[in-house]
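K.L.:
I'm passing along target.pdb; it holds PDB, C-alpha atoms and all ligand atoms.
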MODEL        1
ATOM      1  CA  MET P   5       2.080 -13.277 -16.170
ATOM      2  CA  PRO P   6       5.652 -14.443 -16.841
ATOM      3  CA  PHE P   7       7.635 -15.990 -14.037
ATOM      4  CA  ASP P   8      11.129 -17.400 -13.734
ATOM      5  CA  LYS P   9      11.191 -21.159 -13.558
ATOM      6  CA  ILE P  10      12.493 -22.613 -10.302
ATOM      7  CA  LYS P  11      13.554 -26.252 -10.004
ATOM      8  CA  PHE P  12      14.863 -26.549  -6.474
ATOM      9  CA  CYS P  13      14.045 -25.078  -3.096
ATOM     10  CA  SER P  14      16.317 -22.166  -2.147
ATOM     11  CA  GLN P  15      16.194 -23.298   1.502
ATOM     12  CA  CYS P  16      16.754 -27.071   1.376
ATOM     13  CA  GLY P  17      17.463 -28.014  -2.242
ATOM     14  CA  SER P  18      14.456 -30.316  -2.619
ATOM     15  CA  SER P  19      12.184 -30.197  -5.658
ATOM     16  CA  VAL P  20       9.432 -27.604  -5.868
ATOM     17  CA  LYS P  21       5.898 -27.723  -7.234
ATOM     18  CA  ARG P  22       3.854 -24.910  -8.681
ATOM     19  CA  ILE P  23       0.681 -24.838  -6.587
ATOM     20  CA  VAL P  24      -1.644 -22.386  -4.870
ATOM     21  CA  PRO P  25      -0.550 -22.383  -1.209
ATOM     22  CA  SER P  26      -3.397 -22.692   1.255
ATOM     23  CA  GLY P  27      -4.909 -19.340   2.129
ATOM     24  CA  GLU P  28      -3.573 -17.724  -1.061
ATOM     25  CA  HIS P  29      -5.018 -17.313  -4.539
ATOM     26  CA  LEU P  30      -1.976 -17.336  -6.832
ATOM     27  CA  GLU P  31       0.265 -20.184  -7.901
ATOM     28  CA  ARG P  32       3.728 -20.186  -6.316
ATOM     29  CA  TYR P  33       6.678 -22.526  -6.297
ATOM     30  CA  VAL P  34       6.364 -24.441  -3.043
ATOM     31  CA  CYS P  35       8.957 -26.859  -1.691
ATOM     32  CA  SER P  36       7.718 -30.454  -1.583
ATOM     33  CA  LYS P  37       9.798 -31.134   1.524
ATOM     34  CA  CYS P  38      10.074 -28.065   3.778
ATOM     35  CA  GLY P  39       7.073 -26.164   2.423
ATOM     36  CA  HIS P  40       9.019 -22.966   1.716
ATOM     37  CA  ILE P  41       7.033 -20.668  -0.591
ATOM     38  CA  HIS P  42       9.116 -18.910  -3.255
ATOM     39  CA  TYR P  43       7.501 -15.533  -3.836
ATOM     40  CA  GLN P  44       8.300 -13.773  -7.079
ATOM     41  CA  ASN P  45       7.477 -10.090  -7.368
ATOM     42  CA  PRO P  46       8.118  -7.269  -9.809
ATOM     43  CA  THR P  47      11.500  -5.545  -9.726
ATOM     44  CA  ASN P  48      12.532  -2.001 -10.591
ATOM     45  CA  ILE P  49      14.595  -0.899 -13.540
ATOM     46  CA  VAL P  50      16.049   2.505 -12.680
ATOM     47  CA  GLY P  51      17.663   4.998 -14.996
ATOM     48  CA  CYS P  52      18.172   8.560 -16.134
ATOM     49  CA  ILE P  53      17.376  10.819 -19.008
ATOM     50  CA  PRO P  54      20.663  12.755 -19.257
ATOM     51  CA  VAL P  55      19.985  16.197 -20.677
ATOM     52  CA  TRP P  56      22.291  18.876 -22.031
ATOM     53  CA  LYS P  57      20.649  22.065 -23.412
ATOM     54  CA  ASP P  58      17.971  20.752 -25.804
ATOM     55  CA  GLU P  59      19.684  17.404 -26.266
ATOM     56  CA  VAL P  60      19.443  13.991 -24.632
ATOM     57  CA  LEU P  61      22.314  11.570 -24.175
ATOM     58  CA  LEU P  62      21.749   8.044 -25.475
ATOM     59  CA  CYS P  63      23.968   4.990 -25.116
ATOM     60  CA  LEU P  64      24.621   2.503 -27.910
ATOM     61  CA  ARG P  65      24.318  -0.930 -26.337
ATOM     62  CA  ALA P  66      27.406  -3.150 -26.434
ATOM     63  CA  ILE P  67      25.522  -6.120 -24.997
ATOM     64  CA  GLU P  68      22.505  -8.265 -25.811
ATOM     65  CA  PRO P  69      19.578  -7.923 -25.796
ATOM     66  CA  MET P  70      19.356  -5.229 -28.458
ATOM     67  CA  LYS P  71      23.074  -4.819 -29.023
ATOM     68  CA  ASN P  72      23.800  -1.888 -31.383
ATOM     69  CA  TYR P  73      20.540  -0.144 -30.484
ATOM     70  CA  TRP P  74      20.273   3.113 -28.543
ATOM     71  CA  THR P  75      18.992   3.308 -25.019
ATOM     72  CA  LEU P  76      18.955   5.439 -21.896
ATOM     73  CA  PRO P  77      21.338   4.499 -19.082
ATOM     74  CA  ALA P  78      19.321   2.176 -16.824
ATOM     75  CA  GLY P  79      19.508  -1.126 -15.025
ATOM     76  CA  HIS P  80      18.292  -3.145 -12.072
ATOM     77  CA  GLN P  81      17.920  -1.425  -8.735
ATOM     78  CA  GLU P  82      20.156  -3.180  -6.218
ATOM     79  CA  LEU P  83      19.087  -4.191  -2.736
ATOM     80  CA  GLY P  84      19.959  -1.447  -0.281
ATOM     81  CA  GLU P  85      19.833   1.475  -2.676
ATOM     82  CA  SER P  86      17.071   3.945  -3.497
ATOM     83  CA  THR P  87      15.673   4.181  -7.021
ATOM     84  CA  ARG P  88      17.417   7.555  -7.286
ATOM     85  CA  ASP P  89      20.804   6.219  -6.170
ATOM     86  CA  GLY P  90      20.430   3.266  -8.534
ATOM     87  CA  ALA P  91      19.551   5.538 -11.444
ATOM     88  CA  ALA P  92      22.626   7.687 -10.742
ATOM     89  CA  ARG P  93      24.870   4.619 -10.417
ATOM     90  CA  GLU P  94      23.687   3.138 -13.715
ATOM     91  CA  THR P  95      24.216   6.490 -15.429
ATOM     92  CA  ILE P  96      27.783   6.754 -14.159
ATOM     93  CA  GLU P  97      28.510   3.126 -15.113
ATOM     94  CA  GLU P  98      27.009   3.230 -18.588
ATOM     95  CA  ALA P  99      27.546   6.821 -19.726
ATOM     96  CA  GLY P 100      30.401   8.084 -17.550
ATOM     97  CA  ILE P 101      28.994  11.597 -17.353
ATOM     98  CA  GLU P 102      28.887  14.287 -14.679
ATOM     99  CA  PHE P 103      25.410  15.445 -13.779
ATOM    100  CA  LYS P 104      22.978  16.644 -11.155
ATOM    101  CA  ILE P 105      20.125  14.222 -10.760
ATOM    102  CA  ALA P 106      16.633  15.592 -10.070
ATOM    103  CA  ARG P 107      15.228  15.099  -6.595
ATOM    104  CA  ASN P 108      12.022  13.423  -7.753
ATOM    105  CA  PRO P 109      11.336  10.872 -10.474
ATOM    106  CA  TYR P 110      10.274  12.130 -13.883
ATOM    107  CA  ALA P 111       8.512   9.009 -15.103
ATOM    108  CA  TYR P 112       7.237   5.769 -13.604
ATOM    109  CA  ILE P 113       6.450   3.247 -16.311
ATOM    110  CA  ASP P 114       4.477   0.462 -14.726
ATOM    111  CA  LEU P 115       5.126  -2.831 -16.443
ATOM    112  CA  GLY P 116       3.865  -4.913 -13.544
ATOM    113  CA  LYS P 117       2.280  -7.432 -15.827
ATOM    114  CA  PHE P 118       5.724  -8.123 -17.307
ATOM    115  CA  GLY P 119       7.403  -8.340 -13.917
ATOM    116  CA  HIS P 120       9.017  -4.938 -13.554
ATOM    117  CA  SER P 121       8.606  -1.194 -13.508
ATOM    118  CA  HIS P 122      10.868   1.508 -14.878
ATOM    119  CA  VAL P 123      11.689   4.618 -12.879
ATOM    120  CA  TYR P 124      13.438   7.464 -14.707
ATOM    121  CA  TYR P 125      15.009  10.622 -13.303
ATOM    122  CA  LEU P 126      16.161  13.674 -15.216
ATOM    123  CA  ALA P 127      19.922  14.074 -14.981
ATOM    124  CA  HIS P 128      21.163  17.544 -15.840
ATOM    125  CA  MET P 129      24.614  17.167 -17.324
ATOM    126  CA  THR P 130      27.225  19.588 -16.009
ATOM    127  CA  SER P 131      29.568  19.005 -18.940
ATOM    128  CA  GLU P 132      29.379  17.458 -22.404
ATOM    129  CA  GLN P 133      32.126  14.999 -21.592
ATOM    130  CA  CYS P 134      31.321  11.321 -21.330
ATOM    131  CA  ALA P 135      33.329   8.171 -20.698
ATOM    132  CA  PRO P 136      31.053   5.214 -21.390
ATOM    133  CA  GLY P 137      31.572   1.916 -19.598
ATOM    134  CA  GLU P 138      31.856  -1.587 -20.982
ATOM    135  CA  GLU P 139      28.133  -2.020 -21.645
ATOM    136  CA  THR P 140      28.158   0.972 -23.985
ATOM    137  CA  ILE P 141      29.799   1.206 -27.419
ATOM    138  CA  GLU P 142      29.276   4.935 -27.627
ATOM    139  CA  ALA P 143      27.334   7.660 -25.814
ATOM    140  CA  LYS P 144      26.079  10.591 -27.830
ATOM    141  CA  LEU P 145      23.907  13.690 -27.491
ATOM    142  CA  PHE P 146      20.856  13.960 -29.727
ATOM    143  CA  SER P 147      18.370  16.744 -30.361
ATOM    144  CA  PHE P 148      14.754  15.743 -31.074
ATOM    145  CA  ASP P 149      15.352  15.758 -34.852
ATOM    146  CA  GLU P 150      18.463  13.641 -34.541
ATOM    147  CA  ILE P 151      17.056  10.871 -32.347
ATOM    148  CA  PRO P 152      17.362   7.548 -34.199
ATOM    149  CA  TRP P 153      13.727   6.625 -33.500
ATOM    150  CA  ASP P 154      13.935   3.382 -35.462
ATOM    151  CA  ARG P 155      17.080   2.328 -33.614
ATOM    152  CA  ILE P 156      15.787   2.688 -30.038
ATOM    153  CA  ALA P 157      16.242  -0.510 -28.034
ATOM    154  CA  PHE P 158      13.071  -0.751 -25.968
ATOM    155  CA  HIS P 159       9.431   0.361 -25.962
ATOM    156  CA  SER P 160       9.767   1.987 -22.555
ATOM    157  CA  VAL P 161      12.762   4.075 -23.675
ATOM    158  CA  HIS P 162      10.943   5.147 -26.811
ATOM    159  CA  LYS P 163       7.958   6.231 -24.708
ATOM    160  CA  VAL P 164       9.942   8.152 -22.120
ATOM    161  CA  LEU P 165      11.900   9.992 -24.826
ATOM    162  CA  ARG P 166       8.639  11.028 -26.494
ATOM    163  CA  LEU P 167       7.341  12.302 -23.165
ATOM    164  CA  TYR P 168      10.508  14.238 -22.495
ATOM    165  CA  PHE P 169      10.591  16.003 -25.854
ATOM    166  CA  GLU P 170       6.870  16.865 -25.597
ATOM    167  CA  ASP P 171       7.564  18.431 -22.209
ATOM    168  CA  LEU P 172      10.656  20.203 -23.530
ATOM    169  CA  GLU P 173       8.497  21.911 -26.118
ATOM    170  CA  LYS P 174       6.005  22.990 -23.427
ATOM    171  CA  GLY P 175       8.817  24.024 -21.101
ATOM    172  CA  HIS P 176       7.682  22.100 -18.033
ATOM    173  CA  PHE P 177       8.304  18.619 -16.768
ATOM    174  CA  PRO P 178       5.518  17.140 -14.638
ATOM    175  CA  PHE P 179       5.755  13.657 -13.173
ATOM    176  CA  HIS P 180       4.384  10.959 -15.476
ATOM    177  CA  TYR P 181       2.843   7.698 -14.347
ATOM    178  CA  LEU P 182       2.014   5.246 -17.098
ATOM    179  CA  GLU P 183       0.681   1.758 -17.028
ATOM    180  CA  TYR P 184       2.276   0.440 -20.141
ATOM    181  CA  HIS P 185       1.254  -2.610 -22.093
ATOM    182  CA  GLN P 186       4.018  -2.814 -24.620
ATOM    183  CA  HIS P 187       7.232  -4.321 -23.570
ATOM    184  CA  GLY P 188      10.582  -5.443 -24.817
ATOM    185  CA  PRO P 189      12.564  -4.710 -27.943
ATOM    186  CA  PHE P 190      11.130  -1.836 -29.933
ATOM    187  CA  ALA P 191      12.557  -2.521 -33.377
TER     188      ALA P 191
HETATM  189 ZN    ZN P 201      12.694 -26.807   0.962
ENDMDL
END
Re-express the file's structure as structure tokens.
Ligand SMILES: [Zn+2]

P.N.:
Amino acid sequence: MPFDKIKFCSQCGSSVKRIVPSGEHLERYVCSKCGHIHYQNPTNIVGCIPVWKDEVLLCLRAIEPMKNYWTLPAGHQELGESTRDGAARETIEEAGIEFKIARNPYAYIDLGKFGHSHVYYLAHMTSEQCAPGEETIEAKLFSFDEIPWDRIAFHSVHKVLRLYFEDLEKGHFPFHYLEYHQHGPFA
């Protein structure tokens, strides 16, 4: 299980040690002076699958990691927002499109063992126009045959695109929950 390294206590600035606090069973960073326990838990990556007719909108990443690879608009859920609001915000920021986001999530990709989970919503585009933000070189619509499968940035994006196009062929879009064991850059 990966964890971010912590050097100093967030409460008092003293050094921390990685130990199992009494009464617990996992190692945590614990302050040597004030005893504060620094819990680290999985976070959510939230995003959309923007769809237009039988096409999906992908964004060409302008930033590392995986610069110049295609991805779906997604990013970290912020404190104080729902997964759905976060997914919509990321989609506006990265793709600059107009859309109606689905009420319920389409896919929950559980990457708990890597420290996060991905929640994707379908976003039905109301126009073909897009105005990508700074994190995106270009946003473009792709049909199944046009998807640059070998230029997709991340495993999770690859998986969710496969799911979507399988469902598109069947004509219905049930919720998908997946515990996924591949992570990170796809290529
Ligand atoms: Zn402390």

K.L.:
In Å, with one decimal, what is the gap from atom CA of Leu76 of chain P to atom CA of Asp114 of chain P?

P.N.:
16.9 Å

K.L.:
Ligand ZN 201 (chain P): which residues are within 7 Å, counting all atoms listed in the file, as a PyMOL selection string?

P.N.:
chain P and resi 13-18+35-40

K.L.:
Would you write out, as a PyMOL selection string, every residue that the PyMOL selection byres (((chain P and resi 65) around 9) and not hetatm) captures in this file?

P.N.:
chain P and resi 63-64+66-75+139-142+157

K.L.:
Quick one: of P:Val34, P:Ile53, P:Met129, P:Gln186, who's nearest to Arg166 of chain P, counting only C-alpha atoms?

P.N.:
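Nearest candidate to Arg166 of chain P out of P:Val34, P:Ile53, P:Met129, P:Gln186: P:Ile53.
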
K.L.:
Give me the residues within 8 Å of Tyr112 of chain P as a ChimeraX atom specification, counting only C-alpha atoms and dropping any in the same chain fewer than 3 places off.

P.N.:
/P:109,121-124,180-182

K.L.:
Here is a test: counting only C-alpha atoms, which residue of P:Phe146, P:Phe177, P:Phe158, P:Tyr184 is nearest to Val60 of chain P?

P.N.:
P:Phe146

K.L.:
As an exercise, work out the distance from atom CA of Gly116 of chain P to atom CA of Asn48 of chain P in Å and give it to one decimal place.

P.N.:
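Value for the atom CA of Gly116 of chain P-atom CA of Asn48 of chain P distance: 9.6 Å.
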
K.L.:
Rank nothing, just name the residue among P:Pro25, P:Lys9, P:Asp149, P:Pro54 nearest to Ala106 of chain P, using all atoms listed in the file.

P.N.:
P:Pro54

K.L.:
Which residues are near segment 87-93 of chain P? Cut-off 6 Å, only C-alpha atoms, ignore same chain within fewer than 3 positions. Put them as a list in words.

P.N.:
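Returned residues: Val50, Gly51, Cys52, Gln81 and Ile96 of chain P.
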
K.L.:
I'd like the box whose edges run along x, y and z of the file and which contains every listed atom of segment 131-149 of chain P, padded by 8 Å per side; could you state its centre and edge lengths in Å, one decimal, as lines of an AutoDock Vina configuration file?

P.N.:
center_x = 24.0
center_y = 8.5
center_z = -26.9
size_x = 34.6
size_y = 37.0
size_z = 31.9

K.L.:
Skip Val24 of chain P itself and residues of its chain fewer than 3 positions away, then list as a PDB file with C-alpha atoms, in the frame of the given file all residues within 12 Å of it, counting all atoms listed in the file.

P.N.:
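The file below, around_23.pdb, is the result:
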ATOM      1  CA  LYS P  21       5.898 -27.723  -7.234  1.00  0.00           C
ATOM      2  CA  GLY P  27      -4.909 -19.340   2.129  1.00  0.00           C
ATOM      3  CA  GLU P  28      -3.573 -17.724  -1.061  1.00  0.00           C
ATOM      4  CA  HIS P  29      -5.018 -17.313  -4.539  1.00  0.00           C
ATOM      5  CA  LEU P  30      -1.976 -17.336  -6.832  1.00  0.00           C
ATOM      6  CA  GLU P  31       0.265 -20.184  -7.901  1.00  0.00           C
ATOM      7  CA  ARG P  32       3.728 -20.186  -6.316  1.00  0.00           C
ATOM      8  CA  TYR P  33       6.678 -22.526  -6.297  1.00  0.00           C
ATOM      9  CA  VAL P  34       6.364 -24.441  -3.043  1.00  0.00           C
ATOM     10  CA  CYS P  35       8.957 -26.859  -1.691  1.00  0.00           C
ATOM     11  CA  GLY P  39       7.073 -26.164   2.423  1.00  0.00           C
ATOM     12  CA  ILE P  41       7.033 -20.668  -0.591  1.00  0.00           C
ATOM     13  CA  HIS P  42       9.116 -18.910  -3.255  1.00  0.00           C
ATOM     14  CA  TYR P  43       7.501 -15.533  -3.836  1.00  0.00           C
TER      15      TYR P  43
END

K.L.:
Name the closest residue to Tyr168 of chain P among the candidates P:Phe118, P:Ala111, P:His185, P:Lys144; distances are taken between atoms, counting all atoms listed in the file.

P.N.:
P:Ala111
